[in-house]
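structure30.txt (compact mmCIF, C-alpha atoms)
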```txt
# COMPACT_ATOMS: atom_id res chain seq x y z
CA MET G 26 0.00 0.00 0.00
CA SER G 27 1.44 3.38 -1.04
CA PRO G 28 2.04 6.28 1.39
CA ILE G 29 -0.65 8.28 -0.43
CA ASN G 30 -3.21 5.58 0.27
CA ASN G 31 -2.04 5.45 3.88
CA LEU G 32 -2.52 9.20 4.17
CA LYS G 33 -5.91 9.00 2.44
CA TYR G 34 -7.06 6.34 4.89
CA PHE G 35 -5.76 8.34 7.86
CA LEU G 36 -7.56 11.48 6.66
CA GLU G 37 -10.83 9.60 6.06
CA VAL G 38 -10.68 8.09 9.53
CA SER G 39 -9.68 11.39 11.18
CA ILE G 40 -12.44 13.42 9.53
CA THR G 41 -15.08 10.80 10.31
CA THR G 42 -13.89 10.53 13.91
CA TYR G 43 -13.70 14.28 14.47
CA ILE G 44 -17.14 14.94 13.00
CA SER G 45 -18.84 12.07 14.84
CA PHE G 46 -17.37 13.03 18.22
CA SER G 47 -18.18 16.74 17.74
CA LEU G 48 -21.71 15.96 16.58
CA LEU G 49 -22.40 13.73 19.56
CA TYR G 50 -20.86 16.32 21.88
CA VAL G 51 -23.20 19.02 20.54
CA ILE G 52 -26.20 16.68 20.90
CA TRP G 53 -25.08 15.94 24.46
CA ILE G 54 -24.77 19.66 25.25
CA PHE G 55 -28.38 20.18 24.12
CA PHE G 56 -29.37 17.18 26.21
CA ILE G 57 -27.57 18.39 29.36
CA ILE G 58 -28.82 21.97 29.04
CA SER G 59 -32.47 21.02 28.53
CA SER G 60 -32.49 18.30 31.18
CA GLU G 61 -30.68 20.37 33.81
CA THR G 62 -33.14 23.21 33.53
CA ALA G 63 -35.96 20.69 33.85
CA SER G 64 -35.09 18.76 36.99
CA GLY G 65 -31.50 19.29 38.11
CA PHE G 66 -30.58 16.09 36.27
CA ASN G 67 -26.87 15.73 35.62
CA GLY G 68 -26.06 15.19 31.93
CA SER G 69 -23.03 12.98 32.54
CA ILE G 70 -25.46 10.22 33.48
CA MET G 71 -25.96 9.81 29.72
CA TYR G 72 -22.70 10.78 28.07
CA VAL G 73 -23.37 10.06 24.38
CA PRO G 74 -19.92 11.12 23.03
CA HIS G 75 -18.48 7.97 24.63
CA ALA G 76 -20.12 6.10 21.73
CA ALA G 77 -17.82 7.95 19.31
CA ARG G 78 -14.77 6.78 21.28
CA VAL G 79 -15.91 3.15 21.40
CA LEU G 80 -17.13 2.90 17.81
CA THR G 81 -14.25 4.73 16.11
CA ILE G 82 -11.50 2.87 17.99
CA CYS G 83 -13.24 -0.49 17.56
CA TYR G 84 -13.83 -0.03 13.83
CA PHE G 85 -10.84 2.10 12.76
CA GLY G 86 -8.23 1.10 15.35
CA ILE G 87 -5.43 3.38 16.53
CA ALA G 88 -5.75 5.61 13.43
CA ALA G 89 -8.76 7.25 15.12
CA ILE G 90 -6.89 8.27 18.28
CA PRO G 91 -5.26 11.58 17.18
CA ALA G 92 -8.56 12.96 15.82
CA LEU G 93 -10.41 11.72 18.87
CA TYR G 94 -7.96 13.50 21.19
CA VAL G 95 -8.11 16.75 19.18
CA ALA G 96 -11.93 16.54 19.07
CA HIS G 97 -12.09 15.94 22.82
CA VAL G 98 -9.86 18.92 23.65
CA THR G 99 -11.48 21.34 21.19
CA CYS G 100 -15.08 20.36 22.00
CA THR G 101 -14.50 20.61 25.76
CA PHE G 102 -12.56 23.87 25.43
CA LEU G 103 -14.68 25.63 22.80
CA ILE G 104 -18.22 24.26 23.16
CA GLY G 105 -18.12 23.02 26.77
CA GLY G 106 -16.43 26.27 27.82
CA LEU G 107 -19.33 28.28 26.40
CA TYR G 108 -21.75 26.38 28.63
CA GLY G 109 -19.57 26.50 31.74
CA LEU G 110 -18.70 22.80 31.57
CA ASN G 111 -14.94 23.30 31.42
CA ASN G 112 -13.46 24.72 34.61
CA LEU G 113 -10.16 22.84 34.41
CA PRO G 114 -6.74 24.44 33.79
CA LEU G 115 -5.22 23.63 30.39
CA PHE G 116 -2.86 20.97 31.80
CA ASP G 117 -5.72 19.07 33.42
CA LEU G 118 -7.90 19.48 30.34
CA LEU G 119 -5.16 17.86 28.24
CA GLY G 120 -4.59 15.18 30.89
CA THR G 121 -8.23 14.19 31.31
CA SER G 122 -8.76 14.31 27.54
CA PHE G 123 -5.82 11.94 27.07
CA LEU G 124 -7.22 9.48 29.62
CA SER G 125 -10.68 9.70 28.10
CA THR G 126 -9.25 9.05 24.63
CA VAL G 127 -7.08 6.06 25.49
CA CYS G 128 -9.59 4.40 27.84
CA VAL G 129 -11.10 2.31 25.00
CA LEU G 130 -7.63 1.28 23.87
CA ILE G 131 -6.67 0.21 27.39
CA ALA G 132 -9.95 -1.67 27.73
CA LEU G 133 -9.36 -3.48 24.43
CA TYR G 134 -5.86 -4.55 25.47
CA ALA G 135 -7.21 -5.62 28.87
CA MET G 136 -9.84 -7.70 27.08
CA ALA G 137 -7.10 -9.14 24.83
CA GLY G 138 -5.33 -10.20 28.02
CA LEU G 139 -8.50 -12.04 28.98
CA GLY G 140 -8.56 -13.72 25.57
CA PHE G 141 -10.93 -11.51 23.55
CA LYS G 142 -9.01 -9.91 20.69
CA ILE G 143 -10.05 -7.40 18.08
CA ARG G 144 -8.61 -7.49 14.57
CA THR G 145 -8.46 -3.72 14.07
CA LEU G 146 -5.71 -3.25 16.69
CA PRO G 147 -2.10 -4.32 16.20
CA PHE G 148 0.50 -5.66 18.65
CA TYR G 149 -1.29 -8.86 19.66
CA LYS G 150 0.05 -12.25 18.96
CA PHE G 151 -2.75 -13.73 16.86
CA THR G 152 -2.96 -17.48 17.16
CA LYS G 153 -5.33 -20.15 15.93
CA ASP G 154 -6.91 -20.35 19.37
CA SER G 155 -7.50 -16.59 19.71
CA VAL G 156 -11.09 -15.61 20.36
CA TYR G 157 -11.95 -12.60 18.20
CA LEU G 158 -14.48 -9.92 18.91
CA ASP G 159 -16.98 -9.78 16.08
CA LEU G 160 -17.51 -6.16 15.03
CA ARG G 161 -20.83 -7.09 13.39
CA ASN G 162 -22.19 -8.33 16.69
CA HIS G 163 -23.62 -5.52 18.83
CA LYS G 164 -23.25 -7.62 21.99
CA HIS G 165 -19.48 -7.61 21.54
CA ILE G 166 -19.53 -3.83 21.08
CA ILE G 167 -21.60 -3.53 24.26
CA MET G 168 -19.01 -5.65 26.10
CA VAL G 169 -16.25 -3.24 24.95
CA THR G 170 -18.48 -0.35 26.09
CA VAL G 171 -18.80 -1.76 29.61
CA PHE G 172 -15.05 -2.44 29.88
CA SER G 173 -14.09 0.99 28.53
CA ALA G 174 -16.62 2.75 30.79
CA ALA G 175 -15.02 1.03 33.78
CA VAL G 176 -11.50 2.04 32.68
CA HIS G 177 -12.64 5.58 31.86
CA SER G 178 -14.45 6.24 35.13
CA LEU G 179 -11.71 4.64 37.23
CA SER G 180 -8.83 6.45 35.51
CA LEU G 181 -10.60 9.83 35.72
CA TYR G 182 -11.48 9.26 39.36
CA VAL G 183 -7.85 8.42 40.20
CA TYR G 184 -6.59 11.42 38.17
CA ASN G 185 -9.03 13.81 39.88
CA TYR G 186 -8.14 12.37 43.27
CA LEU G 187 -4.36 12.64 42.73
CA ARG G 188 -4.61 16.16 41.29
CA ALA G 189 -6.93 17.17 44.16
CA ILE G 190 -9.68 18.18 41.72
CA SER G 191 -12.38 15.97 43.20
CA SER G 192 -12.57 12.99 45.52
CA ASN G 193 -16.30 12.36 45.28
CA PRO G 194 -16.90 8.64 44.59
CA GLU G 195 -20.31 9.52 43.14
CA MET G 196 -18.42 10.80 40.09
CA PHE G 197 -17.05 7.31 39.43
CA VAL G 198 -20.53 5.75 39.43
CA ARG G 199 -22.00 8.59 37.36
CA PHE G 200 -19.28 8.32 34.70
CA PHE G 201 -19.52 4.53 34.58
CA VAL G 202 -23.30 4.45 34.18
CA GLY G 203 -23.28 7.56 31.94
CA ASP G 204 -20.79 6.13 29.45
CA ILE G 205 -22.69 2.85 29.14
CA LEU G 206 -26.12 4.47 28.85
CA GLY G 207 -24.88 7.12 26.42
CA THR G 208 -23.28 4.55 24.12
CA LEU G 209 -26.32 2.25 24.18
CA VAL G 210 -28.68 5.13 23.40
CA THR G 211 -26.47 6.22 20.48
CA ILE G 212 -26.11 2.75 18.97
CA PHE G 213 -29.82 1.95 19.23
CA THR G 214 -30.81 5.39 17.89
CA LEU G 215 -28.49 4.90 14.91
CA SER G 216 -30.02 1.51 14.30
CA PHE G 217 -33.55 2.95 14.39
CA MET G 218 -32.47 5.76 12.06
CA LEU G 219 -30.88 3.34 9.63
CA PHE G 220 -34.06 1.30 9.63
CA ALA G 221 -36.30 4.34 9.22
CA PHE G 222 -34.40 6.15 6.50
CA PHE G 223 -32.10 3.87 4.54
CA ARG G 224 -33.38 0.34 4.47
CA GLU G 225 -35.11 -0.85 1.34
CA ARG G 226 -38.58 -2.15 1.91
CA MET C 25 -3.75 -1.30 5.33
CA PRO C 26 -7.42 -1.56 6.31
CA ASP C 27 -10.17 -0.46 3.95
CA PHE C 28 -12.21 2.49 5.25
CA LYS C 29 -15.36 1.59 3.30
CA LYS C 30 -15.17 -2.01 4.46
CA GLN C 31 -14.93 -0.86 8.08
CA LEU C 32 -17.99 1.37 7.66
CA ALA C 33 -19.85 -1.51 6.03
CA THR C 34 -19.06 -3.67 9.07
CA PHE C 35 -20.47 -0.95 11.32
CA VAL C 36 -23.68 -0.72 9.26
CA GLN C 37 -23.94 -4.52 9.40
CA MET C 38 -23.78 -4.31 13.19
CA LEU C 39 -26.66 -1.80 13.19
CA ARG C 40 -28.65 -4.05 10.86
CA ASN C 41 -28.10 -6.99 13.18
CA ILE C 42 -29.77 -4.96 15.93
CA GLU C 43 -32.78 -4.46 13.65
CA ASP C 44 -32.88 -8.15 12.89
CA GLU C 45 -32.65 -9.08 16.54
CA PHE C 46 -35.57 -6.81 17.42
CA LYS C 47 -37.46 -7.85 14.26
CA LEU C 48 -37.95 -4.25 13.14
CA HIS C 49 -37.43 -4.99 9.44
CA SER C 50 -40.60 -7.07 9.22
CA LEU C 51 -42.83 -4.07 9.94
CA THR C 52 -44.91 -2.33 7.29
CA PRO C 53 -44.93 1.52 7.11
CA ASN C 54 -48.21 1.62 9.12
CA GLU C 55 -46.79 -0.74 11.73
CA GLN C 56 -43.67 1.43 11.93
CA ALA C 57 -45.84 4.52 12.46
CA VAL C 58 -47.57 2.86 15.40
CA PHE C 59 -44.29 1.49 16.77
CA TYR C 60 -42.58 4.90 16.63
CA THR C 61 -45.60 6.60 18.22
CA ILE C 62 -45.26 4.24 21.19
CA LEU C 63 -41.48 4.63 21.17
CA LYS C 64 -41.48 8.41 21.33
CA SER C 65 -44.28 8.78 23.87
CA LYS C 66 -42.69 9.82 27.13
CA ASP C 67 -45.71 9.30 29.37
CA ILE C 68 -48.39 6.66 29.28
CA CYS C 69 -49.39 5.68 25.77
CA ASN C 70 -52.99 4.66 25.15
CA ILE C 71 -54.77 3.63 21.97
CA SER C 72 -56.52 7.00 21.46
CA LYS C 73 -53.14 8.71 21.49
CA ILE C 74 -51.78 6.31 18.86
CA VAL C 75 -54.87 6.85 16.67
CA ASP C 76 -54.48 10.65 16.95
CA GLU C 77 -50.75 10.76 16.31
CA SER C 78 -50.45 8.09 13.61
CA GLY C 79 -53.51 9.26 11.64
CA LEU C 80 -54.68 5.65 11.20
CA SER C 81 -58.16 4.32 11.85
CA ARG C 82 -58.94 2.72 15.21
CA SER C 83 -59.49 -0.74 13.71
CA THR C 84 -56.16 -0.59 11.83
CA VAL C 85 -54.37 0.43 15.03
CA TYR C 86 -55.98 -2.48 16.91
CA LYS C 87 -54.88 -4.95 14.22
CA ILE C 88 -51.34 -3.57 14.23
CA LEU C 89 -51.10 -3.62 18.03
CA ARG C 90 -52.13 -7.27 18.04
CA LYS C 91 -49.38 -8.07 15.52
CA LEU C 92 -46.75 -6.12 17.45
CA GLU C 93 -47.82 -7.92 20.61
CA ASP C 94 -47.53 -11.29 18.83
CA ASN C 95 -44.03 -10.29 17.69
CA ASN C 96 -43.16 -9.61 21.32
CA LEU C 97 -42.35 -5.96 20.62
CA ILE C 98 -45.01 -4.37 22.81
CA GLU C 99 -47.25 -5.28 25.70
CA ALA C 100 -50.75 -4.04 26.40
CA PHE C 101 -52.44 -3.95 29.78
CA GLN C 102 -55.53 -2.42 31.36
CA SER C 103 -55.35 1.05 32.90
CA GLU C 104 -55.79 1.02 36.67
CA SER C 105 -57.73 4.28 36.68
CA ASP C 106 -60.03 3.39 33.77
CA LYS C 107 -60.67 -0.31 33.13
CA ARG C 108 -62.01 0.43 29.63
CA GLU C 109 -58.69 1.86 28.54
CA SER C 110 -55.66 -0.15 27.35
CA ILE C 111 -52.14 1.09 28.02
CA VAL C 112 -49.40 0.12 25.58
CA SER C 113 -45.68 0.00 26.25
CA LEU C 114 -42.54 -1.27 24.54
CA LYS C 115 -41.12 -4.62 25.50
CA VAL C 116 -37.64 -4.13 24.02
```
Would you write the structure of this file as C-alpha cells?
Amino acid sequence: MSPINNLKYFLEVSITTYISFSLLYVIWIFFIISSETASGFNGSIMYVPHAARVLTICYFGIAAIPALYVAHVTCTFLIGGLYGLNNLPLFDLLGTSFLSTVCVLIALYAMAGLGFKIRTLPFYKFTKDSVYLDLRNHKHIIMVTVFSAAVHSLSLYVYNYLRAISSNPEMFVRFFVGDILGTLVTIFTLSFMLFAFFRER
Amino acid sequence: MPDFKKQLATFVQMLRNIEDEFKLHSLTPNEQAVFYTILKSKDICNISKIVDESGLSRSTVYKILRKLEDNNLIEAFQSESDKRESIVSLKV
C-alpha cells in the first residue's frame, strides 16, 4: 500500500472521527442543558460522546486516536467552555482528555489479556486459538463499552483524586453508568435511524 | 492497510443486526408509524393517542397492536384508573 493511500485512509478516519465526536458532543450539550433546567438532572449520566470513542477505535483502530484526542480537547474547550462545563486548567484538560481518549484502547488490550481480541488493533500475537471480537455483533460492542466505561471512570477518578480536583466517589458511578447508557442510546438510535431512512422495503 | 469503506460496512452490518434481533425490518410503514408513536411517547401511551398521532383508523391500530404484541415488541395492559382503557408500552 502506497504512502498516499495510507494518508488518504488516515484522513478519512480522522475526519469521520472528528465529526462524529463533535456531533455527539453538541447533541449531548443540548441534552444536558435542557435536562438540567428541567429537573437538576446531571447530563453525565448519559454521556453520548463515549459512543464515538468506542465505535471509532473499535472499527478504525489506533488511526482514530489523534482525531479523537483533538476533538475531545477542542469540543471541551470551545463548546463546553461556552456552557460553563470546562473549569479545568489547560494541563488538566489535556490530561483528562488523554485518559478519556485512550480508555477504550486500554480496555481493548485488557480484554485481549482475557482472551478476547479485536482485529483492528495491532501488537497482539494472533494465534489459531485466539477468540476474536466480532464487530458485526452488537453484543461484543456492548461488552467493549462496559469495559471501557469502567477504565474511563476509574482512571478519571484516580486522576481527579491525585490532582486534588475531586474525591467524590459519586463521580465514578455517574461516569460509569453515563458512558454505558450514552453509548447504548447512540447505537440503538443509529439503528432505528438506519431502519427508518435507509433500508429498502 | 485496512479499507475504510469495508470498516464502515461492518459498522452498518452491526446496526442491521440490531434491527434483525428486534425484528424491526418485518414491519410495514403503518406498523412502523404505530411502533414509533409508542417509542417516542414519554408518558403513558394509550390507543386513542396512537390513533391521533399516527392518523390511522382505530381498527387498523388495533390490528397492528395485536401483531406487534404477537411479535413480542409491545405489551398491552388495562389502565388502573379506567378499566375500559388499554395502556401500551414497549417490551424491548
List every residue of chain C that has an atom at most 12 Å from any atom of chain G, giving for each one its closest atom pair and the distance in Å to one decimal, counting only C-alpha atoms, sorted by chain and then by ascending residue number, as a tab-separated table.
```
residue	atom	partner	partner_atom	distance
C:Met25	CA	G:Met26	CA	6.6
C:Pro26	CA	G:Tyr34	CA	8.0
C:Asp27	CA	G:Tyr34	CA	7.5
C:Phe28	CA	G:Tyr34	CA	6.4
C:Lys29	CA	G:Glu37	CA	9.6
C:Lys30	CA	G:Tyr84	CA	9.7
C:Gln31	CA	G:Tyr84	CA	5.9
C:Leu32	CA	G:Tyr84	CA	7.6
C:Ala33	CA	G:Arg161	CA	9.3
C:Thr34	CA	G:Arg161	CA	5.8
C:Phe35	CA	G:Arg161	CA	6.5
C:Val36	CA	G:Arg161	CA	8.1
C:Gln37	CA	G:Arg161	CA	5.7
C:Met38	CA	G:Arg161	CA	4.1
C:Leu39	CA	G:Ser216	CA	4.8
C:Arg40	CA	G:Ser216	CA	6.7
C:Asn41	CA	G:Asn162	CA	7.0
C:Ile42	CA	G:Ser216	CA	6.7
C:Glu43	CA	G:Ser216	CA	6.6
C:Asp44	CA	G:Phe220	CA	10.1
C:Glu45	CA	G:His163	CA	10.0
C:Phe46	CA	G:Phe217	CA	10.4
C:Lys47	CA	G:Phe220	CA	10.8
C:Leu48	CA	G:Phe220	CA	7.6
C:His49	CA	G:Phe220	CA	7.1
C:Ser50	CA	G:Arg226	CA	9.0
C:Leu51	CA	G:Arg226	CA	9.3
C:Thr52	CA	G:Arg226	CA	8.3
C:Pro53	CA	G:Arg226	CA	9.0
C:Glu55	CA	G:Ala221	CA	11.9
C:Gln56	CA	G:Ala221	CA	8.4
C:Ala57	CA	G:Ala221	CA	10.1
C:Phe59	CA	G:Phe217	CA	11.1
C:Tyr60	CA	G:Phe217	CA	9.5
C:Leu63	CA	G:Phe217	CA	10.6
C:Lys64	CA	G:Thr214	CA	11.6
C:Val116	CA	G:Phe213	CA	11.0
```
Take the residues just selected and output them with C-alpha atoms as a compact mmCIF listing (two decimals), in the frame of the given file.
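Written output follows (selection-v9.txt):
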```
# COMPACT_ATOMS: atom_id res chain seq x y z
CA MET C 25 -3.75 -1.30 5.33
CA PRO C 26 -7.42 -1.56 6.31
CA ASP C 27 -10.17 -0.46 3.95
CA PHE C 28 -12.21 2.49 5.25
CA LYS C 29 -15.36 1.59 3.30
CA LYS C 30 -15.17 -2.01 4.46
CA GLN C 31 -14.93 -0.86 8.08
CA LEU C 32 -17.99 1.37 7.66
CA ALA C 33 -19.85 -1.51 6.03
CA THR C 34 -19.06 -3.67 9.07
CA PHE C 35 -20.47 -0.95 11.32
CA VAL C 36 -23.68 -0.72 9.26
CA GLN C 37 -23.94 -4.52 9.40
CA MET C 38 -23.78 -4.31 13.19
CA LEU C 39 -26.66 -1.80 13.19
CA ARG C 40 -28.65 -4.05 10.86
CA ASN C 41 -28.10 -6.99 13.18
CA ILE C 42 -29.77 -4.96 15.93
CA GLU C 43 -32.78 -4.46 13.65
CA ASP C 44 -32.88 -8.15 12.89
CA GLU C 45 -32.65 -9.08 16.54
CA PHE C 46 -35.57 -6.81 17.42
CA LYS C 47 -37.46 -7.85 14.26
CA LEU C 48 -37.95 -4.25 13.14
CA HIS C 49 -37.43 -4.99 9.44
CA SER C 50 -40.60 -7.07 9.22
CA LEU C 51 -42.83 -4.07 9.94
CA THR C 52 -44.91 -2.33 7.29
CA PRO C 53 -44.93 1.52 7.11
CA GLU C 55 -46.79 -0.74 11.73
CA GLN C 56 -43.67 1.43 11.93
CA ALA C 57 -45.84 4.52 12.46
CA PHE C 59 -44.29 1.49 16.77
CA TYR C 60 -42.58 4.90 16.63
CA LEU C 63 -41.48 4.63 21.17
CA LYS C 64 -41.48 8.41 21.33
CA VAL C 116 -37.64 -4.13 24.02
```
Q. Of the candidates G:Thr170, G:Ser178, G:Ser69, G:Thr126, which one gets nearest to G:Val95 if we count all atoms listed in the file?
A.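 That would be G:Thr126, the residue with the smallest distance to G:Val95.
Of the residues listed (C:Asn54, C:Ile68, C:Gln102, C:Leu114), C:Asn54 shows the shortest atom-to-atom separation from C:Thr84; distances use all atoms listed in the file.
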Q. Atom CA of C:Glu104 and atom CA of C:Leu80 are how many Å apart?
A.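 So the two atoms, atom CA of C:Glu104 and atom CA of C:Leu80, lie 25.9 Å apart.
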Q | Shortest interatomic distance to C:Asp94 - which of C:Val75, C:Lys115, C:Cys69, C:Ser81, counting all atoms listed in the file | A |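 Smallest distance to C:Asp94 is found for C:Lys115.
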Q: Considering all atoms listed in the file, state which residue in the set G:Ala135, G:Ile167, G:Leu124, G:Cys100 is at the smallest distance from G:Thr211.
A: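 Using all atoms listed in the file, G:Thr211 sits closest to G:Ile167.
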Q.
Rounded to one decimal, what separation in Å do you get between atom CA of C:Asp106 and atom CA of C:Lys87?
A. 21.9 Å
Could chain C be written out with C-alpha atoms, as a PDB file, in the first residue's frame, please?
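This went into part-v5.pdb:
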```pdb
ATOM      1  CA  MET C  25      -3.745  -1.298   5.329  1.00  0.00           C
ATOM      2  CA  PRO C  26      -7.421  -1.561   6.314  1.00  0.00           C
ATOM      3  CA  ASP C  27     -10.173  -0.457   3.950  1.00  0.00           C
ATOM      4  CA  PHE C  28     -12.212   2.487   5.251  1.00  0.00           C
ATOM      5  CA  LYS C  29     -15.362   1.595   3.302  1.00  0.00           C
ATOM      6  CA  LYS C  30     -15.170  -2.005   4.461  1.00  0.00           C
ATOM      7  CA  GLN C  31     -14.930  -0.859   8.082  1.00  0.00           C
ATOM      8  CA  LEU C  32     -17.992   1.366   7.662  1.00  0.00           C
ATOM      9  CA  ALA C  33     -19.853  -1.512   6.032  1.00  0.00           C
ATOM     10  CA  THR C  34     -19.063  -3.674   9.072  1.00  0.00           C
ATOM     11  CA  PHE C  35     -20.470  -0.949  11.319  1.00  0.00           C
ATOM     12  CA  VAL C  36     -23.681  -0.719   9.259  1.00  0.00           C
ATOM     13  CA  GLN C  37     -23.935  -4.517   9.402  1.00  0.00           C
ATOM     14  CA  MET C  38     -23.779  -4.314  13.195  1.00  0.00           C
ATOM     15  CA  LEU C  39     -26.660  -1.798  13.193  1.00  0.00           C
ATOM     16  CA  ARG C  40     -28.654  -4.055  10.858  1.00  0.00           C
ATOM     17  CA  ASN C  41     -28.099  -6.987  13.182  1.00  0.00           C
ATOM     18  CA  ILE C  42     -29.767  -4.960  15.934  1.00  0.00           C
ATOM     19  CA  GLU C  43     -32.784  -4.457  13.645  1.00  0.00           C
ATOM     20  CA  ASP C  44     -32.876  -8.154  12.891  1.00  0.00           C
ATOM     21  CA  GLU C  45     -32.654  -9.081  16.539  1.00  0.00           C
ATOM     22  CA  PHE C  46     -35.567  -6.813  17.416  1.00  0.00           C
ATOM     23  CA  LYS C  47     -37.457  -7.852  14.256  1.00  0.00           C
ATOM     24  CA  LEU C  48     -37.949  -4.254  13.142  1.00  0.00           C
ATOM     25  CA  HIS C  49     -37.431  -4.987   9.443  1.00  0.00           C
ATOM     26  CA  SER C  50     -40.595  -7.065   9.225  1.00  0.00           C
ATOM     27  CA  LEU C  51     -42.828  -4.067   9.942  1.00  0.00           C
ATOM     28  CA  THR C  52     -44.913  -2.326   7.286  1.00  0.00           C
ATOM     29  CA  PRO C  53     -44.931   1.517   7.114  1.00  0.00           C
ATOM     30  CA  ASN C  54     -48.214   1.624   9.120  1.00  0.00           C
ATOM     31  CA  GLU C  55     -46.793  -0.735  11.725  1.00  0.00           C
ATOM     32  CA  GLN C  56     -43.667   1.426  11.927  1.00  0.00           C
ATOM     33  CA  ALA C  57     -45.838   4.523  12.457  1.00  0.00           C
ATOM     34  CA  VAL C  58     -47.573   2.857  15.399  1.00  0.00           C
ATOM     35  CA  PHE C  59     -44.286   1.493  16.766  1.00  0.00           C
ATOM     36  CA  TYR C  60     -42.581   4.905  16.630  1.00  0.00           C
ATOM     37  CA  THR C  61     -45.601   6.600  18.223  1.00  0.00           C
ATOM     38  CA  ILE C  62     -45.258   4.245  21.195  1.00  0.00           C
ATOM     39  CA  LEU C  63     -41.482   4.629  21.175  1.00  0.00           C
ATOM     40  CA  LYS C  64     -41.479   8.409  21.329  1.00  0.00           C
ATOM     41  CA  SER C  65     -44.285   8.780  23.870  1.00  0.00           C
ATOM     42  CA  LYS C  66     -42.685   9.822  27.135  1.00  0.00           C
ATOM     43  CA  ASP C  67     -45.712   9.302  29.368  1.00  0.00           C
ATOM     44  CA  ILE C  68     -48.391   6.657  29.283  1.00  0.00           C
ATOM     45  CA  CYS C  69     -49.386   5.678  25.768  1.00  0.00           C
ATOM     46  CA  ASN C  70     -52.990   4.663  25.153  1.00  0.00           C
ATOM     47  CA  ILE C  71     -54.765   3.632  21.971  1.00  0.00           C
ATOM     48  CA  SER C  72     -56.519   6.998  21.461  1.00  0.00           C
ATOM     49  CA  LYS C  73     -53.141   8.713  21.488  1.00  0.00           C
ATOM     50  CA  ILE C  74     -51.776   6.307  18.857  1.00  0.00           C
ATOM     51  CA  VAL C  75     -54.874   6.852  16.673  1.00  0.00           C
ATOM     52  CA  ASP C  76     -54.481  10.647  16.949  1.00  0.00           C
ATOM     53  CA  GLU C  77     -50.750  10.758  16.306  1.00  0.00           C
ATOM     54  CA  SER C  78     -50.451   8.092  13.610  1.00  0.00           C
ATOM     55  CA  GLY C  79     -53.510   9.261  11.637  1.00  0.00           C
ATOM     56  CA  LEU C  80     -54.679   5.654  11.197  1.00  0.00           C
ATOM     57  CA  SER C  81     -58.155   4.315  11.848  1.00  0.00           C
ATOM     58  CA  ARG C  82     -58.944   2.718  15.205  1.00  0.00           C
ATOM     59  CA  SER C  83     -59.492  -0.743  13.708  1.00  0.00           C
ATOM     60  CA  THR C  84     -56.159  -0.591  11.832  1.00  0.00           C
ATOM     61  CA  VAL C  85     -54.373   0.428  15.033  1.00  0.00           C
ATOM     62  CA  TYR C  86     -55.981  -2.482  16.908  1.00  0.00           C
ATOM     63  CA  LYS C  87     -54.881  -4.950  14.224  1.00  0.00           C
ATOM     64  CA  ILE C  88     -51.343  -3.568  14.232  1.00  0.00           C
ATOM     65  CA  LEU C  89     -51.105  -3.620  18.026  1.00  0.00           C
ATOM     66  CA  ARG C  90     -52.126  -7.266  18.042  1.00  0.00           C
ATOM     67  CA  LYS C  91     -49.376  -8.072  15.516  1.00  0.00           C
ATOM     68  CA  LEU C  92     -46.752  -6.118  17.455  1.00  0.00           C
ATOM     69  CA  GLU C  93     -47.824  -7.919  20.605  1.00  0.00           C
ATOM     70  CA  ASP C  94     -47.530 -11.293  18.830  1.00  0.00           C
ATOM     71  CA  ASN C  95     -44.025 -10.288  17.688  1.00  0.00           C
ATOM     72  CA  ASN C  96     -43.157  -9.607  21.324  1.00  0.00           C
ATOM     73  CA  LEU C  97     -42.345  -5.960  20.624  1.00  0.00           C
ATOM     74  CA  ILE C  98     -45.013  -4.372  22.813  1.00  0.00           C
ATOM     75  CA  GLU C  99     -47.248  -5.277  25.700  1.00  0.00           C
ATOM     76  CA  ALA C 100     -50.749  -4.042  26.402  1.00  0.00           C
ATOM     77  CA  PHE C 101     -52.437  -3.950  29.782  1.00  0.00           C
ATOM     78  CA  GLN C 102     -55.526  -2.421  31.364  1.00  0.00           C
ATOM     79  CA  SER C 103     -55.346   1.045  32.895  1.00  0.00           C
ATOM     80  CA  GLU C 104     -55.788   1.023  36.674  1.00  0.00           C
ATOM     81  CA  SER C 105     -57.733   4.277  36.676  1.00  0.00           C
ATOM     82  CA  ASP C 106     -60.034   3.388  33.773  1.00  0.00           C
ATOM     83  CA  LYS C 107     -60.673  -0.308  33.134  1.00  0.00           C
ATOM     84  CA  ARG C 108     -62.009   0.431  29.628  1.00  0.00           C
ATOM     85  CA  GLU C 109     -58.690   1.861  28.540  1.00  0.00           C
ATOM     86  CA  SER C 110     -55.655  -0.146  27.354  1.00  0.00           C
ATOM     87  CA  ILE C 111     -52.140   1.086  28.024  1.00  0.00           C
ATOM     88  CA  VAL C 112     -49.402   0.122  25.584  1.00  0.00           C
ATOM     89  CA  SER C 113     -45.685   0.001  26.254  1.00  0.00           C
ATOM     90  CA  LEU C 114     -42.538  -1.269  24.540  1.00  0.00           C
ATOM     91  CA  LYS C 115     -41.121  -4.616  25.502  1.00  0.00           C
ATOM     92  CA  VAL C 116     -37.643  -4.134  24.022  1.00  0.00           C
TER      93      VAL C 116
END
```
